[in-house]
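**Q** Input structure: my_file13.txt, which contains compact mmCIF, C-alpha atoms.
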```txt
# COMPACT_ATOMS: atom_id res chain seq x y z
CA MET M 828 42.54 92.23 -128.96
CA ALA M 829 41.90 95.67 -130.47
CA THR M 830 44.71 98.18 -130.79
CA ALA M 831 45.02 100.18 -127.59
CA THR M 832 44.66 103.91 -128.18
CA LEU M 833 45.02 106.95 -125.97
CA ASP M 834 43.84 110.44 -126.82
CA PHE M 835 46.42 113.00 -125.78
CA TRP M 836 44.82 116.42 -125.36
CA PHE M 837 47.30 119.23 -125.03
CA GLU M 838 47.62 123.01 -125.21
CA PHE M 839 50.99 124.29 -126.37
CA SER M 840 51.24 126.97 -123.68
CA SER M 841 50.89 124.42 -120.86
CA THR M 842 53.90 123.89 -118.64
CA TYR M 843 53.38 120.32 -117.44
CA SER M 844 52.55 119.32 -121.02
CA TYR M 845 56.24 119.80 -121.80
CA PRO M 846 57.49 116.73 -119.85
CA ALA M 847 54.34 114.83 -120.84
CA THR M 848 54.98 115.45 -124.53
CA MET M 849 58.63 114.47 -124.21
CA ARG M 850 57.70 111.22 -122.41
CA ILE M 851 54.54 109.95 -124.04
CA GLY M 852 56.02 108.62 -127.28
CA ALA M 853 58.46 106.17 -125.72
CA LEU M 854 56.12 105.09 -122.92
CA ALA M 855 53.22 104.45 -125.30
CA ALA M 856 55.41 102.58 -127.79
CA GLN M 857 56.72 100.36 -125.01
CA ALA M 858 53.14 99.53 -124.00
CA ARG M 859 52.01 99.23 -127.62
CA VAL M 860 49.49 101.99 -127.14
CA VAL M 861 48.74 104.24 -130.12
CA VAL M 862 48.64 107.92 -129.15
CA ARG M 863 46.25 110.23 -130.93
CA LEU M 864 47.39 113.84 -130.77
CA ARG M 865 44.55 116.21 -129.91
CA PRO M 866 45.85 119.78 -129.77
CA PHE M 867 43.29 122.24 -128.40
CA LEU M 868 43.11 125.69 -126.80
CA LEU M 869 42.71 126.16 -123.07
CA GLY M 870 41.93 129.88 -123.40
CA PRO M 871 38.20 129.49 -124.13
CA ILE M 872 37.88 126.87 -121.38
CA PHE M 873 39.61 129.10 -118.83
CA GLN M 874 37.50 132.07 -119.96
CA ALA M 875 34.32 130.07 -119.44
CA GLN M 876 35.25 129.76 -115.76
CA GLY M 877 36.17 133.40 -115.45
CA TRP M 878 39.93 133.25 -115.90
CA ASN M 879 41.62 135.61 -118.33
CA THR M 880 45.08 134.06 -117.99
CA SER M 881 46.75 130.94 -116.59
CA PRO M 882 45.72 129.98 -113.04
CA PHE M 883 49.47 129.92 -112.32
CA ASN M 884 49.46 133.67 -112.88
CA LEU M 885 46.14 134.25 -111.12
CA TYR M 886 47.34 132.35 -108.03
CA PRO M 887 51.00 133.38 -107.60
CA ALA M 888 51.84 130.97 -104.75
CA LYS M 889 50.60 128.07 -106.87
CA GLY M 890 52.54 129.47 -109.81
CA ARG M 891 55.79 129.70 -107.86
CA HIS M 892 55.45 126.09 -106.72
CA MET M 893 54.69 124.99 -110.29
CA TRP M 894 57.85 126.56 -111.74
CA ARG M 895 60.04 125.00 -109.07
CA ASP M 896 58.24 121.67 -109.39
CA LEU M 897 58.64 121.69 -113.17
CA GLU M 898 62.33 122.49 -112.79
CA ARG M 899 62.76 119.52 -110.42
CA ILE M 900 60.81 117.21 -112.75
CA CYS M 901 62.89 118.23 -115.75
CA ALA M 902 66.12 117.76 -113.79
CA GLU M 903 65.03 114.26 -112.82
CA LEU M 904 64.13 113.43 -116.43
CA LYS M 905 67.31 115.11 -117.68
CA LEU M 906 65.21 117.42 -119.83
CA PRO M 907 66.64 120.88 -120.44
CA PHE M 908 64.60 123.59 -118.74
CA ARG M 909 64.59 127.34 -118.76
CA ARG M 910 61.71 129.36 -117.43
CA PRO M 911 60.31 131.48 -120.27
CA ASP M 912 60.34 135.26 -119.85
CA LEU M 913 56.74 135.41 -121.03
CA PHE M 914 54.06 133.04 -119.73
CA PRO M 915 51.68 131.96 -121.05
CA GLN M 916 52.49 132.25 -124.75
CA SER M 917 49.68 131.77 -127.22
CA GLY M 918 49.72 128.26 -128.63
CA LEU M 919 47.27 129.17 -131.40
CA LEU M 920 49.62 129.05 -134.38
CA ALA M 921 51.42 125.92 -133.16
CA ALA M 922 48.09 124.16 -132.62
CA ARG M 923 46.92 125.07 -136.13
CA VAL M 924 50.17 123.83 -137.67
CA ALA M 925 49.93 120.58 -135.72
CA LEU M 926 46.31 120.09 -136.82
CA ALA M 927 47.19 120.84 -140.44
CA GLY M 928 50.01 118.31 -140.26
CA LEU M 929 47.79 115.65 -138.72
CA GLN M 930 45.14 116.24 -141.36
CA GLN M 931 47.57 115.91 -144.25
CA ALA M 932 49.09 112.73 -142.99
CA ALA M 933 45.73 111.26 -141.99
CA GLY M 934 46.85 110.62 -138.46
CA SER M 935 50.23 109.03 -139.04
CA ALA M 936 52.36 112.15 -139.21
CA VAL M 937 55.54 111.27 -137.42
CA TRP M 938 56.88 114.76 -138.05
CA VAL M 939 53.98 116.25 -136.11
CA GLU M 940 55.20 114.49 -132.98
CA ASP M 941 58.66 115.89 -133.61
CA PHE M 942 57.09 119.29 -134.21
CA CYS M 943 55.22 119.18 -130.88
CA ARG M 944 58.34 118.23 -128.97
CA ALA M 945 60.30 121.01 -130.71
CA VAL M 946 57.65 123.61 -129.86
CA TYR M 947 57.64 122.68 -126.17
CA ARG M 948 61.44 122.60 -126.11
CA ALA M 949 61.61 126.03 -127.78
CA GLN M 950 59.28 127.45 -125.14
CA PHE M 951 60.46 125.74 -121.97
CA ALA M 952 64.13 125.04 -122.67
CA GLU M 953 65.40 127.49 -125.27
CA GLY M 954 63.83 130.80 -124.29
CA ARG M 955 62.10 131.17 -127.68
CA ARG M 956 58.66 132.61 -128.34
CA ILE M 957 56.27 130.05 -129.78
CA ASP M 958 53.67 132.75 -130.42
CA GLN M 959 55.95 134.25 -133.05
CA PRO M 960 55.76 132.79 -136.58
CA GLU M 961 59.57 132.93 -136.98
CA THR M 962 59.95 130.29 -134.27
CA ILE M 963 57.38 127.99 -135.87
CA LEU M 964 58.97 128.50 -139.31
CA ALA M 965 62.43 127.73 -137.92
CA ILE M 966 61.14 124.52 -136.34
CA LEU M 967 59.48 123.43 -139.60
CA SER M 968 62.69 124.19 -141.44
CA VAL M 969 64.75 121.97 -139.12
CA LEU M 970 62.19 119.21 -139.69
CA LYS M 971 62.52 119.76 -143.46
CA ILE M 972 58.81 120.42 -143.83
CA ASP M 973 57.51 122.59 -146.68
CA ALA M 974 56.77 125.58 -144.46
CA GLU M 975 54.94 127.67 -147.03
CA GLN M 976 52.50 124.91 -147.80
CA ILE M 977 51.84 123.89 -144.17
CA MET M 978 51.52 127.50 -142.99
CA ALA M 979 48.96 128.15 -145.73
CA ALA M 980 47.01 125.12 -144.56
CA ALA M 981 47.35 126.19 -140.91
CA ARG M 982 45.83 129.57 -141.77
CA SER M 983 42.98 128.14 -143.86
CA THR M 984 39.39 128.43 -142.73
CA ASP M 985 39.20 124.67 -142.67
CA ILE M 986 41.93 124.30 -140.04
CA LYS M 987 40.74 127.31 -138.05
CA ASP M 988 37.31 125.69 -137.89
CA LYS M 989 38.83 122.36 -137.03
CA LEU M 990 40.73 123.79 -134.06
CA ARG M 991 37.59 125.56 -132.89
CA ALA M 992 35.66 122.27 -133.15
CA GLN M 993 38.41 120.37 -131.35
CA THR M 994 38.38 122.92 -128.53
CA ALA M 995 34.60 122.66 -128.33
CA GLU M 996 34.96 118.88 -128.11
CA ALA M 997 37.46 119.27 -125.27
CA GLN M 998 34.94 121.44 -123.47
CA ARG M 999 32.18 118.91 -124.08
CA LEU M 1000 34.45 116.20 -122.64
CA GLU M 1001 34.89 118.42 -119.53
CA ILE M 1002 38.61 118.82 -120.10
CA PHE M 1003 39.80 121.55 -117.76
CA GLY M 1004 43.58 121.44 -118.10
CA SER M 1005 46.53 120.15 -120.07
CA PRO M 1006 47.84 117.52 -120.48
CA THR M 1007 44.71 115.37 -120.39
CA PHE M 1008 44.64 111.74 -121.44
CA ILE M 1009 41.41 109.94 -122.36
CA THR M 1010 41.20 106.21 -122.93
CA SER M 1011 38.95 104.47 -125.45
CA ASP M 1012 36.51 103.60 -122.65
CA GLY M 1013 36.31 107.22 -121.55
CA GLU M 1014 38.58 107.38 -118.51
CA MET M 1015 40.09 110.83 -118.06
CA PHE M 1016 43.52 111.37 -116.55
CA TRP M 1017 44.82 114.87 -115.99
CA GLY M 1018 48.45 115.82 -115.56
CA ASN M 1019 51.93 114.69 -116.49
CA ASP M 1020 52.00 112.65 -113.28
CA ARG M 1021 49.04 110.56 -114.50
CA LEU M 1022 50.64 109.56 -117.81
CA GLU M 1023 51.75 106.11 -116.67
CA SER M 1024 48.33 105.35 -115.19
CA ALA M 1025 46.62 106.50 -118.38
CA ILE M 1026 48.78 104.27 -120.56
CA ALA M 1027 48.21 101.29 -118.29
CA TRP M 1028 44.44 101.92 -118.38
CA ALA M 1029 44.47 102.31 -122.17
CA LYS M 1030 46.22 98.96 -122.47
CA ARG M 1031 43.70 97.21 -120.23
CA ALA M 1032 40.78 98.83 -122.04
CA SER M 1033 41.80 97.51 -125.45
CA MET G 1330 74.55 113.10 -90.72
CA ALA G 1331 71.64 114.92 -89.10
CA THR G 1332 68.26 113.25 -88.75
CA ALA G 1333 66.24 113.80 -91.90
CA THR G 1334 62.91 115.52 -91.23
CA LEU G 1335 59.93 116.36 -93.35
CA ASP G 1336 57.15 118.75 -92.39
CA PHE G 1337 53.78 117.35 -93.41
CA TRP G 1338 51.21 120.13 -93.71
CA PHE G 1339 47.68 118.89 -94.01
CA GLU G 1340 44.06 120.00 -93.74
CA PHE G 1341 41.61 117.34 -92.60
CA SER G 1342 39.00 118.18 -95.24
CA SER G 1343 41.44 117.62 -98.11
CA THR G 1344 40.75 114.68 -100.40
CA TYR G 1345 44.24 113.86 -101.67
CA SER G 1346 45.54 114.16 -98.11
CA TYR G 1347 43.72 110.91 -97.40
CA PRO G 1348 46.06 108.65 -99.44
CA ALA G 1349 49.03 110.83 -98.45
CA THR G 1350 48.27 110.36 -94.74
CA MET G 1351 47.81 106.63 -95.16
CA ARG G 1352 51.13 106.31 -97.03
CA ILE G 1353 53.53 108.73 -95.36
CA GLY G 1354 54.27 106.77 -92.20
CA ALA G 1355 55.61 103.62 -93.85
CA LEU G 1356 57.43 105.46 -96.65
CA ALA G 1357 59.15 107.83 -94.24
CA ALA G 1358 60.11 105.04 -91.83
CA GLN G 1359 61.64 103.07 -94.70
CA ALA G 1360 63.73 106.10 -95.67
CA ARG G 1361 64.47 106.96 -92.03
CA VAL G 1362 62.86 110.34 -92.38
CA VAL G 1363 61.10 111.80 -89.35
CA VAL G 1364 57.73 113.29 -90.20
CA ARG G 1365 56.51 116.34 -88.33
CA LEU G 1366 52.75 116.63 -88.41
CA ARG G 1367 51.60 120.18 -89.16
CA PRO G 1368 47.79 120.32 -89.26
CA PHE G 1369 46.45 123.65 -90.50
CA LEU G 1370 43.30 125.16 -92.00
CA LEU G 1371 42.93 125.79 -95.71
CA GLY G 1372 39.80 127.90 -95.28
CA PRO G 1373 41.56 131.20 -94.49
CA ILE G 1374 44.05 130.57 -97.30
CA PHE G 1375 41.29 129.89 -99.81
CA GLN G 1376 39.36 132.91 -98.57
CA ALA G 1377 42.39 135.13 -99.09
CA GLN G 1378 42.27 134.26 -102.78
CA GLY G 1379 38.55 134.79 -103.04
CA TRP G 1380 37.27 131.22 -102.65
CA ASN G 1381 34.49 130.48 -100.19
CA THR G 1382 34.64 126.69 -100.63
CA SER G 1383 36.86 124.02 -102.13
CA PRO G 1384 38.10 124.70 -105.69
CA PHE G 1385 36.73 121.22 -106.47
CA ASN G 1386 33.26 122.63 -105.82
CA LEU G 1387 33.94 125.96 -107.51
CA TYR G 1388 35.18 124.22 -110.67
CA PRO G 1389 32.87 121.22 -111.13
CA ALA G 1390 34.74 119.62 -114.06
CA LYS G 1391 37.92 119.62 -112.00
CA GLY G 1392 35.94 118.26 -109.06
CA ARG G 1393 34.47 115.39 -111.07
CA HIS G 1394 37.92 114.40 -112.28
CA MET G 1395 39.30 114.58 -108.72
CA TRP G 1396 36.67 112.21 -107.28
CA ARG G 1397 37.25 109.66 -110.03
CA ASP G 1398 41.02 110.08 -109.77
CA LEU G 1399 40.91 109.63 -106.01
CA GLU G 1400 38.78 106.52 -106.43
CA ARG G 1401 41.34 105.05 -108.87
CA ILE G 1402 44.24 105.95 -106.57
CA CYS G 1403 42.57 104.32 -103.57
CA ALA G 1404 41.75 101.21 -105.62
CA GLU G 1405 45.39 100.93 -106.64
CA LEU G 1406 46.56 101.36 -103.05
CA LYS G 1407 43.84 99.00 -101.81
CA LEU G 1408 42.52 101.75 -99.57
CA PRO G 1409 38.80 101.73 -98.88
CA PHE G 1410 37.04 104.67 -100.49
CA ARG G 1411 33.55 106.09 -100.36
CA ARG G 1412 32.71 109.55 -101.59
CA PRO G 1413 31.35 111.57 -98.67
CA ASP G 1414 27.84 112.97 -98.99
CA LEU G 1415 29.06 116.34 -97.75
CA PHE G 1416 32.25 117.94 -99.06
CA PRO G 1417 34.16 119.72 -97.72
CA GLN G 1418 33.66 118.98 -94.05
CA SER G 1419 35.20 121.34 -91.54
CA GLY G 1420 38.47 119.96 -90.22
CA LEU G 1421 38.59 122.49 -87.39
CA LEU G 1422 37.87 120.21 -84.46
CA ALA G 1423 40.07 117.39 -85.78
CA ALA G 1424 42.95 119.82 -86.31
CA ARG G 1425 42.59 121.17 -82.77
CA VAL G 1426 42.56 117.65 -81.31
CA ALA G 1427 45.64 116.72 -83.34
CA LEU G 1428 47.46 119.85 -82.19
CA ALA G 1429 46.50 119.22 -78.57
CA GLY G 1430 47.78 115.66 -78.86
CA LEU G 1431 51.06 116.76 -80.44
CA GLN G 1432 51.55 119.38 -77.74
CA GLN G 1433 50.98 116.93 -74.91
CA ALA G 1434 53.34 114.36 -76.27
CA ALA G 1435 55.96 116.93 -77.24
CA GLY G 1436 56.07 115.75 -80.82
CA SER G 1437 56.26 111.99 -80.31
CA ALA G 1438 52.57 111.20 -80.12
CA VAL G 1439 52.16 107.97 -81.99
CA TRP G 1440 48.45 108.03 -81.28
CA VAL G 1441 48.12 111.32 -83.14
CA GLU G 1442 49.24 109.61 -86.32
CA ASP G 1443 46.65 106.90 -85.71
CA PHE G 1444 44.12 109.62 -85.00
CA CYS G 1445 44.86 111.39 -88.30
CA ARG G 1446 44.52 108.19 -90.27
CA ALA G 1447 41.26 107.37 -88.51
CA VAL G 1448 39.82 110.82 -89.25
CA TYR G 1449 40.63 110.58 -92.96
CA ARG G 1450 39.25 107.04 -93.08
CA ALA G 1451 36.05 108.13 -91.33
CA GLN G 1452 35.55 110.88 -93.89
CA PHE G 1453 36.64 109.23 -97.13
CA ALA G 1454 35.92 105.56 -96.50
CA GLU G 1455 33.23 105.24 -93.86
CA GLY G 1456 30.74 107.97 -94.71
CA ARG G 1457 31.10 109.60 -91.31
CA ARG G 1458 31.07 113.31 -90.53
CA ILE G 1459 34.37 114.53 -89.13
CA ASP G 1460 32.86 117.94 -88.37
CA GLN G 1461 30.67 116.32 -85.73
CA PRO G 1462 32.15 115.88 -82.24
CA GLU G 1463 30.59 112.38 -81.91
CA THR G 1464 32.85 111.10 -84.69
CA ILE G 1465 35.97 112.57 -83.11
CA LEU G 1466 34.96 111.22 -79.71
CA ALA G 1467 34.36 107.76 -81.16
CA ILE G 1468 37.79 107.79 -82.79
CA LEU G 1469 39.46 108.83 -79.54
CA SER G 1470 37.60 106.09 -77.73
CA VAL G 1471 38.85 103.41 -80.14
CA LEU G 1472 42.37 104.75 -79.61
CA LYS G 1473 41.82 104.55 -75.83
CA ILE G 1474 42.60 108.23 -75.39
CA ASP G 1475 41.12 110.17 -72.47
CA ALA G 1476 38.58 112.02 -74.58
CA GLU G 1477 37.39 114.43 -71.93
CA GLN G 1478 40.87 115.63 -71.20
CA ILE G 1479 41.99 115.97 -74.83
CA MET G 1480 38.74 117.65 -75.90
CA ALA G 1481 39.16 120.19 -73.13
CA ALA G 1482 42.68 120.89 -74.33
CA ALA G 1483 41.48 121.06 -77.95
CA ARG G 1484 38.95 123.73 -76.98
CA SER G 1485 41.37 125.77 -74.89
CA THR G 1486 42.44 129.25 -75.96
CA ASP G 1487 46.00 128.01 -76.11
CA ILE G 1488 45.25 125.40 -78.78
CA LYS G 1489 42.90 127.68 -80.70
CA ASP G 1490 45.68 130.26 -80.85
CA LYS G 1491 48.17 127.62 -81.82
CA LEU G 1492 46.07 126.47 -84.76
CA ARG G 1493 45.61 130.08 -85.84
CA ALA G 1494 49.38 130.61 -85.64
CA GLN G 1495 50.08 127.40 -87.52
CA THR G 1496 47.67 128.45 -90.28
CA ALA G 1497 49.35 131.87 -90.42
CA GLU G 1498 52.69 130.12 -90.75
CA ALA G 1499 51.33 128.02 -93.61
CA GLN G 1500 50.24 131.22 -95.31
CA ARG G 1501 53.66 132.80 -94.74
CA LEU G 1502 55.27 129.72 -96.28
CA GLU G 1503 52.99 130.23 -99.32
CA ILE G 1504 51.23 126.92 -98.80
CA PHE G 1505 48.20 126.90 -101.09
CA GLY G 1506 46.90 123.35 -100.81
CA SER G 1507 47.03 120.07 -98.93
CA PRO G 1508 48.98 117.87 -98.62
CA THR G 1509 52.14 119.96 -98.70
CA PHE G 1510 55.56 118.64 -97.74
CA ILE G 1511 58.44 120.93 -96.81
CA THR G 1512 62.00 119.70 -96.34
CA SER G 1513 64.51 121.07 -93.83
CA ASP G 1514 66.18 123.08 -96.62
CA GLY G 1515 62.88 124.66 -97.62
CA GLU G 1516 61.81 122.69 -100.68
CA MET G 1517 58.05 122.60 -101.06
CA PHE G 1518 56.23 119.65 -102.62
CA TRP G 1519 52.48 119.79 -103.11
CA GLY G 1520 50.24 116.78 -103.59
CA ASN G 1521 49.99 113.12 -102.74
CA ASP G 1522 51.79 112.36 -106.01
CA ARG G 1523 54.85 114.29 -104.80
CA LEU G 1524 55.25 112.36 -101.54
CA GLU G 1525 58.01 110.04 -102.78
CA SER G 1526 59.98 112.98 -104.23
CA ALA G 1527 59.60 114.91 -100.98
CA ILE G 1528 60.89 112.01 -98.90
CA ALA G 1529 63.85 111.49 -101.24
CA TRP G 1530 64.68 115.20 -101.06
CA ALA G 1531 64.37 115.23 -97.26
CA LYS G 1532 66.81 112.35 -97.07
CA ARG G 1533 69.36 114.08 -99.32
CA ALA G 1534 68.97 117.36 -97.43
CA SER G 1535 69.85 115.85 -94.06
```
Represent the structure from my file as structure tokens, please.

**A**
Amino acid sequence: MATATLDFWFEFSSTYSYPATMRIGALAAQARVVVRLRPFLLGPIFQAQGWNTSPFNLYPAKGRHMWRDLERICAELKLPFRRPDLFPQSGLLAARVALAGLQQAAGSAVWVEDFCRAVYRAQFAEGRRIDQPETILAILSVLKIDAEQIMAAARSTDIKDKLRAQTAEAQRLEIFGSPTFITSDGEMFWGNDRLESAIAWAKRAS
Amino acid sequence: MATATLDFWFEFSSTYSYPATMRIGALAAQARVVVRLRPFLLGPIFQAQGWNTSPFNLYPAKGRHMWRDLERICAELKLPFRRPDLFPQSGLLAARVALAGLQQAAGSAVWVEDFCRAVYRAQFAEGRRIDQPETILAILSVLKIDAEQIMAAARSTDIKDKLRAQTAEAQRLEIFGSPTFITSDGEMFWGNDRLESAIAWAKRAS
């Protein structure tokens, strides 16, 4: 039996990607499914369908339900939650850092998973601004990562191109939101509430 | 302890309202929660935010995921599923019949629940057109309901006004999609995947 894998596509500004990111590691490990982190940007995808901001801002009633729903979900999971003052916050720098980390470790960068969780926690639990380099630097420092070196990589043309290519791939795959899970046989699952189904499918597909 | 109640707001053309409608009766009975059926129309709500059809048609990638997701959900629930040739189909007549039935039975119309399930099944499992009176008549006939009498009521000014008022109330409550569940203490839950949480909340709130 081949190793079961699951591609985890996520945008750092996405609200429901917070609980998904906090949950996926343990759930996948339990099911022996290997998660491949695929950070991307939703901005270009939203723009292509005529949105210049999050649909949760464009459609306020939907947005109000989302914030309350997320609060309930976090309470149930015992995840800290605090609605950020600014939403959405650009996930560009965080996505570049994550990509740079994944590239350096050739896919087995445990710290990148920690980094992702810390970025979501900063944004949705600690009232910090993930679009500000200080926040990203502080997170790297806690993780004891050489910040200067990884930030240089994150700002390199190579990584900028890589993130652009990854976002183009997301668009080609018809990804329209975050989190999105894609199994090795091409099944797409969208949303934190589909995580369990995605992992079960990934296991069966292997 | 007061009787726990849960308002179930639904639009007959809504895809995810199919599994929700098939599931809510048994789940609510098990939890001793009384469900109040609140059919309404999404059309005016969508129009108010600039949509002239379902968002699943306006955003095709999202639509493609929804159909596949719904197919998977139905398979897991062992519910028959067949993608309708036409989507969305107007739920106007079905909603009026349901309202007329609820009015006549003063809220305890068991056949209305059967009727709702049959309408969703016709649309999402049997390839029938719920916007055509023949389908509604055939469903009423199977349920042994006096079709002539209920259709007359459904087409009365009273019921037309009632459906308009119910849709206005949905809008006032900031309902933006179907299915939506609202507990007696005002918590709103949107989506088939929130049904269990809504029932649990309704129980605690009573």

**Q** Please identify every residue of chain M that has at least one atom no more than 10 Å from any atom of chain G, counting only C-alpha atoms, and report them as an MDAnalysis selection string.

**A** chainID M and resid 876 885:889 891:893 895:896 899:900 998 1000:1004 1014:1017 1020:1021 1024

**Q** Please indicate the distance in Å from CA of Thr1509 (chain G) to CA of Arg909 (chain M), rounded to one decimal place.

**A** 24.7 Å

**Q** What box, with edges along x, y and z, holds each listed atom of region 925-934 of chain M when 6 Å is added on every side, and can you state its centre and edge lengths in Å to one decimal, as AutoDock Vina command-line options?

**A**
```
--center_x 47.6 --center_y 115.7 --center_z -140.0 --size_x 16.9 --size_y 22.2 --size_z 20.5
```

**Q** Taking all atoms listed in the file into account, which of M:Val924, M:Val937, M:Leu897, M:Leu869 comes nearest Ala980 (chain M)?

**A**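 Closest candidate: M:Val924.
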
**Q** Here is a test: counting only C-alpha atoms, which residue of M:Ala856, M:Ala995, M:Leu906, M:Leu1022 is nearest to Ala952 (chain M)?

**A**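 Checking each candidate against Ala952 (chain M), we get M:Leu906 as the closest.
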
**Q** Please report the interatomic distance between CA of Cys901 (chain M) and CA of Thr832 (chain M) in Å with one decimal.

**A** 26.3 Å

**Q** Write out as an MDAnalysis selection string each polymer residue whose atoms come within 12 Å of Ile1468 (chain G), counting all atoms listed in the file; drop sequence neighbours fewer than 5 positions from it.

**A** chainID G and resid 1423 1426:1427 1440:1441 1443:1452 1457:1459 1461:1463 1473:1476

**Q** What is the CA of Ala981 (chain M) to CA of Arg923 (chain M) distance in Å?

**A**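 Computed distance, CA of Ala981 (chain M) to CA of Arg923 (chain M), equals 4.9 Å.
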
**Q** Counting all atoms listed in the file, which residue out of G:Ala1434, G:Ala1377, G:Val1364, G:Leu1466 sits closest to Ala1527 (chain G)?

**A**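 Checking each of G:Ala1434, G:Ala1377, G:Val1364, G:Leu1466 against Ala1527 (chain G), counting all atoms listed in the file, the winner is G:Val1364.
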
**Q** I'd like to know which of M:Pro866, M:Gly1013, M:Pro846, M:Gly918 is closest to Lys905 (chain M), using only C-alpha atoms.

**A**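 Going through M:Pro866, M:Gly1013, M:Pro846, M:Gly918 one by one, the smallest distance to Lys905 (chain M) is for M:Pro846.
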
**Q** Tell me which residues come within 12 Å of (42.0, 131.3, -138.7), as an NGL selection string, counting all atoms listed in the file in the file's coordinates.

**A** :M and (919-920 or 922-924 or 927 or 978-991)

**Q** In terms of the shortest atom-to-atom distance over all atoms listed in the file, which of M:Gln976, M:Thr830, M:Thr848, M:Asn879 is closest to Ser1033 (chain M)?

**A**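 Smallest distance to Ser1033 (chain M) is found for M:Thr830.
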
**Q** Mind rebuilding region 1357-1372 of chain G with N, CA and C atoms and writing that out as a JSON list (two decimals), in the frame of the given file?

**A**
```
[["chain", "number", "residue", "atom", "x", "y", "z"],
["G", 1357, "ALA", "N", 58.16, 107.05, -94.96],
["G", 1357, "ALA", "CA", 59.15, 107.83, -94.24],
["G", 1357, "ALA", "C", 60.00, 106.93, -93.35],
["G", 1358, "ALA", "N", 59.37, 105.96, -92.70],
["G", 1358, "ALA", "CA", 60.11, 105.04, -91.83],
["G", 1358, "ALA", "C", 61.16, 104.27, -92.64],
["G", 1359, "GLN", "N", 60.74, 103.82, -93.81],
["G", 1359, "GLN", "CA", 61.64, 103.07, -94.70],
["G", 1359, "GLN", "C", 62.86, 103.91, -95.07],
["G", 1360, "ALA", "N", 62.64, 105.21, -95.27],
["G", 1360, "ALA", "CA", 63.73, 106.10, -95.67],
["G", 1360, "ALA", "C", 64.40, 106.75, -94.46],
["G", 1361, "ARG", "N", 63.97, 106.36, -93.28],
["G", 1361, "ARG", "CA", 64.47, 106.96, -92.03],
["G", 1361, "ARG", "C", 64.32, 108.47, -92.01],
["G", 1362, "VAL", "N", 63.19, 108.92, -92.43],
["G", 1362, "VAL", "CA", 62.86, 110.34, -92.38],
["G", 1362, "VAL", "C", 61.81, 110.54, -91.29],
["G", 1363, "VAL", "N", 62.05, 111.51, -90.42],
["G", 1363, "VAL", "CA", 61.10, 111.80, -89.35],
["G", 1363, "VAL", "C", 60.06, 112.81, -89.85],
["G", 1364, "VAL", "N", 58.81, 112.42, -89.74],
["G", 1364, "VAL", "CA", 57.73, 113.29, -90.20],
["G", 1364, "VAL", "C", 57.22, 114.17, -89.06],
["G", 1365, "ARG", "N", 57.11, 115.44, -89.31],
["G", 1365, "ARG", "CA", 56.51, 116.34, -88.33],
["G", 1365, "ARG", "C", 55.13, 116.74, -88.81],
["G", 1366, "LEU", "N", 54.13, 116.35, -88.03],
["G", 1366, "LEU", "CA", 52.75, 116.63, -88.41],
["G", 1366, "LEU", "C", 52.43, 118.11, -88.21],
["G", 1367, "ARG", "N", 51.94, 118.76, -89.24],
["G", 1367, "ARG", "CA", 51.60, 120.18, -89.16],
["G", 1367, "ARG", "C", 50.17, 120.42, -89.66],
["G", 1368, "PRO", "N", 49.18, 120.04, -88.83],
["G", 1368, "PRO", "CA", 47.79, 120.32, -89.26],
["G", 1368, "PRO", "C", 47.56, 121.83, -89.36],
["G", 1369, "PHE", "N", 46.79, 122.23, -90.36],
["G", 1369, "PHE", "CA", 46.45, 123.65, -90.50],
["G", 1369, "PHE", "C", 45.09, 123.74, -91.18],
["G", 1370, "LEU", "N", 44.60, 124.96, -91.36],
["G", 1370, "LEU", "CA", 43.30, 125.16, -92.00],
["G", 1370, "LEU", "C", 43.48, 125.81, -93.37],
["G", 1371, "LEU", "N", 42.86, 125.21, -94.37],
["G", 1371, "LEU", "CA", 42.93, 125.79, -95.71],
["G", 1371, "LEU", "C", 41.94, 126.93, -95.89],
["G", 1372, "GLY", "N", 40.86, 126.91, -95.12],
["G", 1372, "GLY", "CA", 39.80, 127.90, -95.28],
["G", 1372, "GLY", "C", 40.30, 129.34, -95.41]]
```
